[in-house]
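A.B. asks: For reference, the file upload_12.pdb (PDB, C-alpha atoms and all ligand atoms) is included below:
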ATOM      1  CA  MET U   1     -13.039  -6.880 -39.537
ATOM      2  CA  THR U   2     -10.807  -4.824 -37.275
ATOM      3  CA  LEU U   3      -7.425  -5.786 -35.790
ATOM      4  CA  PHE U   4      -8.527  -6.372 -32.213
ATOM      5  CA  ASP U   5     -12.098  -7.709 -32.306
ATOM      6  CA  GLY U   6     -12.919  -9.298 -28.937
ATOM      7  CA  LYS U   7      -9.562  -8.299 -27.456
ATOM      8  CA  VAL U   8      -8.922  -6.336 -24.280
ATOM      9  CA  ALA U   9      -6.187  -3.697 -24.006
ATOM     10  CA  ILE U  10      -4.757  -1.829 -21.019
ATOM     11  CA  VAL U  11      -3.087   1.540 -21.623
ATOM     12  CA  THR U  12      -1.274   3.174 -18.706
ATOM     13  CA  GLY U  13      -0.987   6.940 -18.894
ATOM     14  CA  GLY U  14      -4.020   6.694 -21.180
ATOM     15  CA  GLY U  15      -5.363  10.094 -20.172
ATOM     16  CA  SER U  16      -2.959  12.232 -22.180
ATOM     17  CA  GLY U  17      -0.537  12.461 -25.070
ATOM     18  CA  ILE U  18       0.694   9.240 -26.647
ATOM     19  CA  GLY U  19      -1.403   7.042 -24.323
ATOM     20  CA  GLU U  20      -4.568   8.935 -25.206
ATOM     21  CA  ALA U  21      -3.868   8.540 -28.933
ATOM     22  CA  ALA U  22      -3.245   4.808 -28.438
ATOM     23  CA  CYS U  23      -6.521   4.374 -26.496
ATOM     24  CA  HIS U  24      -8.416   5.821 -29.448
ATOM     25  CA  LEU U  25      -6.622   3.646 -31.999
ATOM     26  CA  TYR U  26      -7.137   0.450 -29.959
ATOM     27  CA  ALA U  27     -10.843   1.315 -29.682
ATOM     28  CA  ARG U  28     -11.062   2.107 -33.403
ATOM     29  CA  GLU U  29      -9.588  -1.342 -34.067
ATOM     30  CA  GLY U  30     -12.281  -3.019 -31.988
ATOM     31  CA  ALA U  31     -10.510  -3.537 -28.650
ATOM     32  CA  LYS U  32     -12.188  -3.057 -25.298
ATOM     33  CA  VAL U  33      -9.939  -0.452 -23.706
ATOM     34  CA  VAL U  34      -8.930  -0.076 -20.072
ATOM     35  CA  VAL U  35      -7.855   3.546 -19.864
ATOM     36  CA  SER U  36      -5.606   3.780 -16.828
ATOM     37  CA  ASP U  37      -4.061   6.926 -15.432
ATOM     38  CA  LEU U  38      -3.167   8.721 -12.225
ATOM     39  CA  ASN U  39      -5.067  11.726 -13.557
ATOM     40  CA  GLU U  40      -8.735  10.819 -12.957
ATOM     41  CA  LYS U  41     -10.149  13.797 -14.826
ATOM     42  CA  ARG U  42      -8.210  13.166 -18.026
ATOM     43  CA  GLY U  43      -8.662   9.390 -17.791
ATOM     44  CA  ASN U  44     -12.425   9.763 -17.470
ATOM     45  CA  GLU U  45     -12.538  12.246 -20.355
ATOM     46  CA  VAL U  46     -10.716   9.863 -22.698
ATOM     47  CA  THR U  47     -12.969   6.976 -21.600
ATOM     48  CA  GLN U  48     -16.096   9.017 -22.244
ATOM     49  CA  ALA U  49     -14.802  10.172 -25.633
ATOM     50  CA  ILE U  50     -14.353   6.516 -26.669
ATOM     51  CA  GLN U  51     -17.808   5.606 -25.360
ATOM     52  CA  LYS U  52     -19.338   8.496 -27.313
ATOM     53  CA  LEU U  53     -17.899   6.961 -30.470
ATOM     54  CA  LYS U  54     -19.637   3.673 -29.501
ATOM     55  CA  GLY U  55     -16.383   2.117 -28.286
ATOM     56  CA  ASP U  56     -16.128  -0.044 -25.170
ATOM     57  CA  ALA U  57     -13.896   1.450 -22.449
ATOM     58  CA  ILE U  58     -13.550   1.769 -18.700
ATOM     59  CA  PHE U  59     -11.350   4.010 -16.595
ATOM     60  CA  VAL U  60      -9.206   2.485 -13.857
ATOM     61  CA  ARG U  61      -7.176   4.857 -11.715
ATOM     62  CA  ALA U  62      -3.680   3.546 -11.027
ATOM     63  CA  ASP U  63      -0.402   5.051  -9.906
ATOM     64  CA  VAL U  64       1.993   2.802 -11.819
ATOM     65  CA  SER U  65       4.786   3.455  -9.327
ATOM     66  CA  ASN U  66       2.706   1.516  -6.794
ATOM     67  CA  PRO U  67       2.748  -2.278  -7.301
ATOM     68  CA  ASP U  68      -0.594  -2.743  -5.537
ATOM     69  CA  ASP U  69      -2.222  -0.314  -7.982
ATOM     70  CA  CYS U  70      -0.762  -2.251 -10.926
ATOM     71  CA  GLN U  71      -2.148  -5.520  -9.564
ATOM     72  CA  ALA U  72      -5.542  -3.891  -8.904
ATOM     73  CA  MET U  73      -5.566  -2.505 -12.475
ATOM     74  CA  VAL U  74      -5.128  -6.001 -13.928
ATOM     75  CA  ASP U  75      -7.688  -7.452 -11.475
ATOM     76  CA  ALA U  76     -10.227  -4.779 -12.463
ATOM     77  CA  THR U  77      -9.639  -5.625 -16.132
ATOM     78  CA  LEU U  78     -10.240  -9.335 -15.563
ATOM     79  CA  GLU U  79     -13.300  -8.612 -13.443
ATOM     80  CA  LYS U  80     -14.875  -6.400 -16.112
ATOM     81  CA  TYR U  81     -13.835  -8.141 -19.333
ATOM     82  CA  GLY U  82     -12.645 -11.622 -18.238
ATOM     83  CA  ARG U  83      -9.339 -11.508 -20.154
ATOM     84  CA  LEU U  84      -6.282  -9.428 -21.011
ATOM     85  CA  ASP U  85      -4.732  -9.532 -24.486
ATOM     86  CA  ILE U  86      -2.743  -6.315 -24.902
ATOM     87  CA  ALA U  87      -0.883  -3.938 -22.599
ATOM     88  CA  PHE U  88       0.766  -0.664 -23.517
ATOM     89  CA  ASN U  89       2.895   0.233 -20.486
ATOM     90  CA  ASN U  90       3.251   3.876 -21.347
ATOM     91  CA  ALA U  91       2.857   6.098 -18.279
ATOM     92  CA  GLY U  92       5.882   8.216 -17.503
ATOM     93  CA  ILE U  93       7.196  11.572 -16.401
ATOM     94  CA  GLY U  94      10.031  13.868 -17.418
ATOM     95  CA  GLY U  95      11.082  14.500 -13.834
ATOM     96  CA  GLU U  96      13.843  16.671 -12.437
ATOM     97  CA  THR U  97      16.469  18.095 -14.770
ATOM     98  CA  ASN U  98      19.916  18.502 -13.252
ATOM     99  CA  LEU U  99      23.492  17.412 -13.699
ATOM    100  CA  THR U 100      24.190  13.967 -12.261
ATOM    101  CA  ALA U 101      26.096  15.226  -9.210
ATOM    102  CA  ASP U 102      23.372  17.780  -8.454
ATOM    103  CA  TYR U 103      20.435  15.407  -9.016
ATOM    104  CA  SER U 104      18.372  14.912  -5.855
ATOM    105  CA  ILE U 105      17.957  11.437  -4.387
ATOM    106  CA  ALA U 106      14.187  11.938  -4.225
ATOM    107  CA  GLY U 107      14.112  13.058  -7.865
ATOM    108  CA  TRP U 108      16.084   9.985  -8.937
ATOM    109  CA  GLN U 109      13.858   7.610  -6.974
ATOM    110  CA  LYS U 110      10.687   9.184  -8.364
ATOM    111  CA  VAL U 111      11.738   8.929 -12.023
ATOM    112  CA  ILE U 112      13.000   5.366 -11.633
ATOM    113  CA  ALA U 113       9.766   4.395  -9.860
ATOM    114  CA  VAL U 114       7.395   5.943 -12.422
ATOM    115  CA  ASN U 115       9.371   5.219 -15.613
ATOM    116  CA  LEU U 116      11.104   1.887 -14.903
ATOM    117  CA  SER U 117       9.833   0.019 -11.825
ATOM    118  CA  SER U 118       6.307   0.631 -13.129
ATOM    119  CA  VAL U 119       7.012  -1.399 -16.263
ATOM    120  CA  PHE U 120       8.210  -4.309 -14.122
ATOM    121  CA  TYR U 121       5.167  -4.048 -11.805
ATOM    122  CA  CYS U 122       2.757  -3.914 -14.747
ATOM    123  CA  MET U 123       4.322  -6.881 -16.548
ATOM    124  CA  LYS U 124       4.479  -8.879 -13.311
ATOM    125  CA  TYR U 125       0.668  -8.884 -13.170
ATOM    126  CA  GLU U 126      -0.144  -8.630 -16.898
ATOM    127  CA  ILE U 127       1.882 -11.679 -17.978
ATOM    128  CA  PRO U 128       0.041 -14.262 -15.813
ATOM    129  CA  ALA U 129      -3.289 -12.781 -16.912
ATOM    130  CA  MET U 130      -2.303 -13.114 -20.587
ATOM    131  CA  LEU U 131      -0.965 -16.664 -20.153
ATOM    132  CA  LYS U 132      -4.408 -17.768 -18.932
ATOM    133  CA  THR U 133      -5.847 -17.159 -22.408
ATOM    134  CA  GLY U 134      -2.852 -18.329 -24.439
ATOM    135  CA  GLY U 135      -0.806 -15.151 -24.833
ATOM    136  CA  GLY U 136      -0.965 -11.563 -25.924
ATOM    137  CA  ALA U 137       1.168  -8.532 -26.700
ATOM    138  CA  ILE U 138       3.003  -6.034 -24.508
ATOM    139  CA  VAL U 139       4.496  -2.769 -25.723
ATOM    140  CA  ASN U 140       6.686  -0.900 -23.251
ATOM    141  CA  MET U 141       7.370   2.806 -23.592
ATOM    142  CA  ALA U 142      11.081   3.621 -23.829
ATOM    143  CA  SER U 143      12.483   6.651 -25.680
ATOM    144  CA  ILE U 144      15.374   7.631 -27.909
ATOM    145  CA  LEU U 145      16.891   8.219 -24.482
ATOM    146  CA  GLY U 146      16.783   4.447 -24.014
ATOM    147  CA  GLN U 147      19.651   4.329 -26.539
ATOM    148  CA  VAL U 148      21.719   7.488 -26.052
ATOM    149  CA  GLY U 149      22.529   9.907 -23.245
ATOM    150  CA  PHE U 150      21.066  13.381 -22.660
ATOM    151  CA  GLU U 151      22.626  15.955 -20.367
ATOM    152  CA  ASN U 152      20.692  16.893 -17.223
ATOM    153  CA  SER U 153      18.398  13.854 -17.382
ATOM    154  CA  PRO U 154      20.375  11.022 -15.741
ATOM    155  CA  ALA U 155      17.373   9.343 -14.117
ATOM    156  CA  TYR U 156      15.187   9.530 -17.225
ATOM    157  CA  VAL U 157      17.968   8.174 -19.444
ATOM    158  CA  ALA U 158      18.773   5.366 -16.989
ATOM    159  CA  ALA U 159      15.094   4.447 -16.627
ATOM    160  CA  LYS U 160      14.502   4.296 -20.376
ATOM    161  CA  HIS U 161      17.672   2.237 -20.976
ATOM    162  CA  GLY U 162      16.320  -0.059 -18.236
ATOM    163  CA  VAL U 163      12.987  -0.424 -20.028
ATOM    164  CA  VAL U 164      14.779  -1.599 -23.185
ATOM    165  CA  GLY U 165      16.726  -4.278 -21.281
ATOM    166  CA  LEU U 166      13.744  -5.384 -19.211
ATOM    167  CA  THR U 167      11.716  -5.726 -22.408
ATOM    168  CA  ARG U 168      14.363  -7.909 -24.045
ATOM    169  CA  THR U 169      14.538 -10.161 -20.994
ATOM    170  CA  ALA U 170      10.782 -10.612 -20.621
ATOM    171  CA  ALA U 171      10.529 -11.312 -24.365
ATOM    172  CA  LEU U 172      13.154 -14.078 -24.089
ATOM    173  CA  GLU U 173      11.203 -15.561 -21.195
ATOM    174  CA  TYR U 174       7.645 -15.452 -22.568
ATOM    175  CA  SER U 175       7.626 -15.248 -26.374
ATOM    176  CA  LYS U 176       7.433 -19.027 -26.820
ATOM    177  CA  GLN U 177       4.339 -18.970 -24.615
ATOM    178  CA  GLY U 178       2.652 -16.581 -27.025
ATOM    179  CA  ILE U 179       3.374 -13.141 -25.583
ATOM    180  CA  GLN U 180       5.100 -10.737 -27.995
ATOM    181  CA  ILE U 181       6.958  -8.131 -25.951
ATOM    182  CA  ASN U 182       8.647  -5.086 -27.491
ATOM    183  CA  SER U 183       9.522  -1.491 -26.733
ATOM    184  CA  VAL U 184       9.177   1.759 -28.654
ATOM    185  CA  GLY U 185      11.539   4.720 -28.588
ATOM    186  CA  PRO U 186       9.994   8.021 -29.640
ATOM    187  CA  GLY U 187      11.957  11.170 -30.329
ATOM    188  CA  PHE U 188      10.483  14.387 -28.959
ATOM    189  CA  ILE U 189       6.710  14.246 -29.392
ATOM    190  CA  ARG U 190       4.341  17.205 -29.018
ATOM    191  CA  THR U 191       2.483  16.274 -25.809
ATOM    192  CA  PRO U 192       1.897  17.985 -22.446
ATOM    193  CA  LEU U 193       5.091  16.248 -21.220
ATOM    194  CA  ILE U 194       7.262  18.599 -23.256
ATOM    195  CA  SER U 195       4.931  21.612 -23.503
ATOM    196  CA  GLY U 196       7.071  23.478 -20.940
ATOM    197  CA  LEU U 197      10.143  23.058 -23.152
ATOM    198  CA  GLU U 198       8.253  24.024 -26.294
ATOM    199  CA  GLN U 199       7.197  27.390 -24.903
ATOM    200  CA  ASP U 200      10.749  28.736 -25.163
ATOM    201  CA  GLU U 201      11.288  29.283 -28.904
ATOM    202  CA  GLN U 202      15.043  28.813 -28.689
ATOM    203  CA  VAL U 203      14.671  25.496 -26.874
ATOM    204  CA  ARG U 204      11.940  24.424 -29.290
ATOM    205  CA  ASN U 205      14.132  25.171 -32.305
ATOM    206  CA  HIS U 206      17.019  23.307 -30.699
ATOM    207  CA  LEU U 207      14.818  20.254 -30.113
ATOM    208  CA  ILE U 208      13.581  20.383 -33.709
ATOM    209  CA  SER U 209      17.183  20.609 -34.951
ATOM    210  CA  LEU U 210      17.936  17.272 -33.239
ATOM    211  CA  HIS U 211      15.440  15.572 -35.596
ATOM    212  CA  PRO U 212      16.730  15.348 -39.197
ATOM    213  CA  LEU U 213      13.121  15.308 -40.410
ATOM    214  CA  GLY U 214      12.936  18.943 -39.265
ATOM    215  CA  ARG U 215       9.998  18.720 -36.867
ATOM    216  CA  LEU U 216       8.792  17.122 -33.644
ATOM    217  CA  GLY U 217       6.551  14.041 -33.722
ATOM    218  CA  GLU U 218       2.823  13.687 -33.079
ATOM    219  CA  SER U 219       1.208  11.279 -30.604
ATOM    220  CA  GLU U 220      -0.818   9.585 -33.337
ATOM    221  CA  GLU U 221       2.364   8.711 -35.243
ATOM    222  CA  VAL U 222       3.711   6.843 -32.208
ATOM    223  CA  ALA U 223       0.341   5.224 -31.524
ATOM    224  CA  GLU U 224       0.272   3.744 -35.050
ATOM    225  CA  LEU U 225       3.537   1.888 -34.347
ATOM    226  CA  VAL U 226       2.273   0.727 -30.957
ATOM    227  CA  ILE U 227      -0.899  -0.641 -32.558
ATOM    228  CA  TRP U 228       1.119  -2.566 -35.135
ATOM    229  CA  LEU U 229       3.401  -4.038 -32.461
ATOM    230  CA  SER U 230       0.282  -5.067 -30.499
ATOM    231  CA  SER U 231      -1.193  -6.921 -33.443
ATOM    232  CA  GLU U 232      -0.654 -10.309 -35.069
ATOM    233  CA  LYS U 233       0.929  -8.451 -37.986
ATOM    234  CA  ALA U 234       4.029  -8.216 -35.767
ATOM    235  CA  SER U 235       4.012 -11.958 -34.988
ATOM    236  CA  PHE U 236       7.758 -12.458 -35.777
ATOM    237  CA  VAL U 237       8.870  -9.430 -33.755
ATOM    238  CA  MET U 238      10.119 -10.054 -30.216
ATOM    239  CA  GLY U 239      12.338  -8.281 -27.724
ATOM    240  CA  ALA U 240      12.857  -5.456 -30.205
ATOM    241  CA  TYR U 241      13.353  -1.753 -29.654
ATOM    242  CA  TYR U 242      11.646   0.322 -32.351
ATOM    243  CA  PRO U 243      12.755   3.942 -32.687
ATOM    244  CA  ILE U 244      10.175   6.401 -34.016
ATOM    245  CA  ASP U 245      12.170   9.564 -33.931
ATOM    246  CA  GLY U 246      12.300  11.596 -37.144
ATOM    247  CA  GLY U 247      15.857  10.356 -37.612
ATOM    248  CA  TYR U 248      17.191  11.443 -34.175
ATOM    249  CA  LEU U 249      19.256   8.247 -33.844
ATOM    250  CA  ALA U 250      20.252   8.116 -37.521
ATOM    251  CA  ARG U 251      23.080  10.624 -37.219
TER     252      ARG U 251
HETATM  253  P1  LIG F   1       1.837  13.004 -21.046
HETATM  254  O1  LIG F   1       1.055  13.674 -22.121
HETATM  255  O2  LIG F   1       2.284  13.795 -19.876
HETATM  256  O3  LIG F   1       0.981  11.726 -20.556
HETATM  257  C1  LIG F   1       1.419  10.926 -19.501
HETATM  258  C2  LIG F   1       0.229  10.517 -18.673
HETATM  259  O4  LIG F   1       0.707   9.659 -17.617
HETATM  260  C3  LIG F   1      -0.445  11.713 -17.990
HETATM  261  O5  LIG F   1      -1.848  11.586 -18.028
HETATM  262  C4  LIG F   1       0.093  11.614 -16.561
HETATM  263  O6  LIG F   1      -0.759  12.202 -15.609
HETATM  264  C5  LIG F   1       0.175  10.125 -16.387
HETATM  265  N1  LIG F   1       1.011   9.742 -15.264
HETATM  266  C6  LIG F   1       2.052  10.429 -14.713
HETATM  267  N2  LIG F   1       2.535   9.768 -13.661
HETATM  268  C7  LIG F   1       1.795   8.638 -13.547
HETATM  269  C8  LIG F   1       1.799   7.555 -12.627
HETATM  270  N3  LIG F   1       2.663   7.514 -11.609
HETATM  271  N4  LIG F   1       0.889   6.580 -12.785
HETATM  272  C9  LIG F   1       0.000   6.619 -13.800
HETATM  273  N5  LIG F   1      -0.075   7.617 -14.688
HETATM  274  C10 LIG F   1       0.829   8.618 -14.556
HETATM  275  O7  LIG F   1       3.165  12.352 -21.630
HETATM  276  P2  LIG F   1       3.532  11.644 -23.037
HETATM  277  O8  LIG F   1       4.457  12.541 -23.719
HETATM  278  O9  LIG F   1       2.331  11.126 -23.724
HETATM  279  O10 LIG F   1       4.414  10.443 -22.459
HETATM  280  C11 LIG F   1       3.983   9.114 -22.402
HETATM  281  C12 LIG F   1       5.221   8.245 -22.334
HETATM  282  O11 LIG F   1       6.010   8.468 -23.496
HETATM  283  C13 LIG F   1       6.146   8.505 -21.152
HETATM  284  O12 LIG F   1       6.629   7.276 -20.652
HETATM  285  C14 LIG F   1       7.288   9.307 -21.742
HETATM  286  O13 LIG F   1       8.488   9.140 -21.021
HETATM  287  C15 LIG F   1       7.357   8.677 -23.102
HETATM  288  N6  LIG F   1       8.020   9.502 -24.107
HETATM  289  C16 LIG F   1       7.549  10.754 -24.390
HETATM  290  C17 LIG F   1       8.215  11.543 -25.323
HETATM  291  C18 LIG F   1       7.770  12.945 -25.647
HETATM  292  O14 LIG F   1       8.564  13.687 -26.257
HETATM  293  N7  LIG F   1       6.541  13.355 -25.326
HETATM  294  C19 LIG F   1       9.349  11.025 -25.964
HETATM  295  C20 LIG F   1       9.782   9.738 -25.674
HETATM  296  C21 LIG F   1       9.106   8.982 -24.733
HETATM  297  P3  LIG F   1      -0.519  13.756 -15.207
HETATM  298  O15 LIG F   1      -0.912  14.559 -16.402
HETATM  299  O16 LIG F   1      -1.408  13.952 -14.040
HETATM  300  O17 LIG F   1       0.956  13.858 -14.889
END
Write out the structure in this file as C-alpha cells.
C.D. replies:
Amino acid sequence: MTLFDGKVAIVTGGGSGIGEAACHLYAREGAKVVVSDLNEKRGNEVTQAIQKLKGDAIFVRADVSNPDDCQAMVDATLEKYGRLDIAFNNAGIGGETNLTADYSIAGWQKVIAVNLSSVFYCMKYEIPAMLKTGGGAIVNMASILGQVGFENSPAYVAAKHGVVGLTRTAALEYSKQGIQINSVGPGFIRTPLISGLEQDEQVRNHLISLHPLGRLGESEEVAELVIWLSSEKASFVMGAYYPIDGGYLAR
C-alpha cells in the first residue's frame, strides 16, 4: 500500500529541480501525476520517465503567471483523471538581481507574477476542484527568503513572504472543509535555478557558509517533506511554514 493510491497530484514547475523530484516521489507513492511546466521539453521528459517506470502521468503545459493557463491545467486534470487531490504549487524563477532602487519595474512585475500571483491563480482553481471530492492537500513553494531578507532580491523576497501569508489565509479558510494547506521554505538547493551562482567558486562557498550544515540541499530532500505534507500523515498540520534549510534560519 502506497501513500497516494488512487489520488491525483498536480506539480507546477514539474520539469526540473525540486518539482521534478516531487513528481517522481508522488508517482512512486501511487499518485497519478500531472506534470505541469512552461518548459515543454523538460515536462515531457519527466512525464515519459515516470511512464517508463510504469507510473501514470500526463504533461500539461502551463505558464503559471497566466490565470487562464492555471484554470486550463486544472480542467485538463479533471478531464483526464476526474478528480484532484494534491497540488504542489512550485514553479518559480530567481529573476533580476539588483538593489531595490535600481530594480526594474518589469523585473518586479515578472517575479511577483511567476512566484506569487501564480500561487493565488493555482489555488483559485484547485480549491473548488478538491472540494468536489471532499478535500485534499496543497503545498506552496516559499523559501527561506519567505522569512528573512536578502540583498539584491527585493521582488523574490517579497513574493516568497507573500506565499507564506497567502498560504496561512487559505488554510484558515479551507482546512475545516478538508484541505490541508501549507508552505515549504528551502534553503539553497542544487538545481538549475542556482547553477549560475554555483559556477563561481567564491559565491558557491559563500552560499554554503550560510547553511550551518555545511552544504547546499538536494531536490529529493525537499521533495520528501513535500510528500509528507501532502499526505494524511500531516493531518493535524495547517497553515504552517516548514523550513528545510540546513539550519539557515537557525542562527
Ligand atoms: P528549476 O530547476 O529552475 O525548476 C523550475 C521549473 O519551473 C523549470 O522547469 C522552469 O522552466 C519552470 N518555470 C519557470 N517559469 C515558469 C512559469 N511561468 N510557469 C510554469 N513553469 C515555469 O528551479 P527549482 O530550484 O527547482 O525551483 C522550484 C521552486 O523552488 C521555485 O519556486 C523556487 O523559487 C523555489 N526555491 C528554490 C530554491 C533553490 O535554491 N533552488 C530555494 C528555495 C526555493 P524553465 O527551465 O524553462 O525556466
A.B. asks: Counting all atoms listed in the file, select every polymer residue within 12 Å of (-13.2, -3.9, -27.2) as defined in the file's coordinates, and provide the selection as a ChimeraX atom specification.
C.D. replies: /U:2-10,23-35,50-51,54-58,77,80-86
A.B. asks: With 6 Å of padding per side, what axis-aligned box (centre and edge lengths, Å, one decimal) covers all the listed atoms of stretch 127-131 of chain U? Give it as lines of an AutoDock Vina configuration file.
C.D. replies:
center_x = -0.7
center_y = -14.2
center_z = -18.2
size_x = 17.2
size_y = 17.0
size_z = 16.8
A.B. asks: If the PyMOL selection byres (((not hetatm)) within 6 of (chain F and resi 1)) were run on this exact file, what residues would it hold? Put them as a PyMOL selection string.
C.D. replies: chain U and resi 13+15-19+37-39+62-65+90-93+114+141-143+186-194
A.B. asks: Determine, counting only C-alpha atoms, which protein, DNA and RNA residues have an atom within 9 Å of an atom of U:Leu166; residues of the same chain fewer than 4 positions away are not included. Present the result as a list of chain:residue names.
C.D. replies: U:Leu116, U:Val119, U:Phe120, U:His161, U:Gly162, U:Ala170, U:Ala171
A.B. asks: Quick one: which residues end up in the PyMOL selection byres (((chain U and resi 105-109) around 8) and not hetatm) for this structure, as an mmCIF file with C-alpha atoms, in the coordinates of the input?
C.D. replies:
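So the final result, stored in out.cif, reads:
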data_model
loop_
_atom_site.group_PDB
_atom_site.id
_atom_site.type_symbol
_atom_site.label_atom_id
_atom_site.label_comp_id
_atom_site.auth_asym_id
_atom_site.auth_seq_id
_atom_site.Cartn_x
_atom_site.Cartn_y
_atom_site.Cartn_z
ATOM 1 C CA GLY U 95 11.082 14.500 -13.834
ATOM 2 C CA GLU U 96 13.843 16.671 -12.437
ATOM 3 C CA TYR U 103 20.435 15.407 -9.016
ATOM 4 C CA SER U 104 18.372 14.912 -5.855
ATOM 5 C CA LYS U 110 10.687 9.184 -8.364
ATOM 6 C CA VAL U 111 11.738 8.929 -12.023
ATOM 7 C CA ILE U 112 13.000 5.366 -11.633
ATOM 8 C CA ALA U 113 9.766 4.395 -9.860
ATOM 9 C CA ALA U 155 17.373 9.343 -14.117
#
A.B. asks: Out of U:Ala234, U:Ile179, U:Val222, U:Ile144, which residue has the shortest atom-to-atom distance to U:Leu131 when counting all atoms listed in the file?
C.D. replies: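 Closest candidate: U:Ile179.
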A.B. asks: Under the PyMOL selection byres (((chain U and resi 221) around 10) and not hetatm), which residues of this model are included? Write them out as a PyMOL selection string.
C.D. replies: chain U and resi 18+21-22+186+189+217-220+222-226+244-245
A.B. asks: For a test of reading the model, state the distance in Å between atom CA of U:Met238 and atom CA of U:Lys132, rounded to one decimal.
C.D. replies: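 Atom CA of U:Met238 sits 19.9 Å away from atom CA of U:Lys132.
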A.B. asks: Pick out the closest residue to U:Ser231 from this set: U:Gly136, U:Lys160, U:Asn152, U:Phe59. Count all atoms listed in the file.
C.D. replies: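 Once distances to U:Ser231 are computed over all atoms listed in the file, the minimum belongs to U:Gly136.
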A.B. asks: Between U:Gly135, U:Asp68, U:Arg42, U:Ile208, which has the minimum distance to U:Gly247 (counting all atoms listed in the file)?
C.D. replies: U:Ile208
A.B. asks: When you draw a straight line from atom CA of U:Met130 to atom CA of U:Thr47, how long is it in Å?
C.D. replies: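 Computing it gives 22.8 Å between the two atoms.
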A.B. asks: Just checking: using only C-alpha atoms, which residue out of U:Lys41, U:Glu79, U:Asn115, U:Glu198 ends up closest to U:Tyr156?
C.D. replies: U:Asn115
A.B. asks: Tell me, in Å to one decimal, how far atom CA of U:Lys176 is from atom CA of U:Gly134.
C.D. replies: 10.6 Å
A.B. asks: So, counting only C-alpha atoms, which residue among U:Gly14, U:Gly43, U:Gly146, U:Pro67 is closest to U:Pro243?
C.D. replies: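 Distance minimum relative to U:Pro243 lands on U:Gly146.
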A.B. asks: Point out the residue among U:Lys52, U:Leu213, U:Met123, U:Gln202 with the least atom-to-atom distance to U:Phe88, counting all atoms listed in the file.
C.D. replies: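 Ranked by minimum distance to U:Phe88, first place goes to U:Met123.
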A.B. asks: Might you pull out every residue within 9 Å of U:Asp75, with only C-alpha atoms counted and same-chain residues fewer than 5 positions away left off, and present them as a list of chain:residue names?
C.D. replies: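 After dropping sequence-adjacent residues, the list is U:Cys70, U:Lys80, U:Tyr125, U:Ala129.
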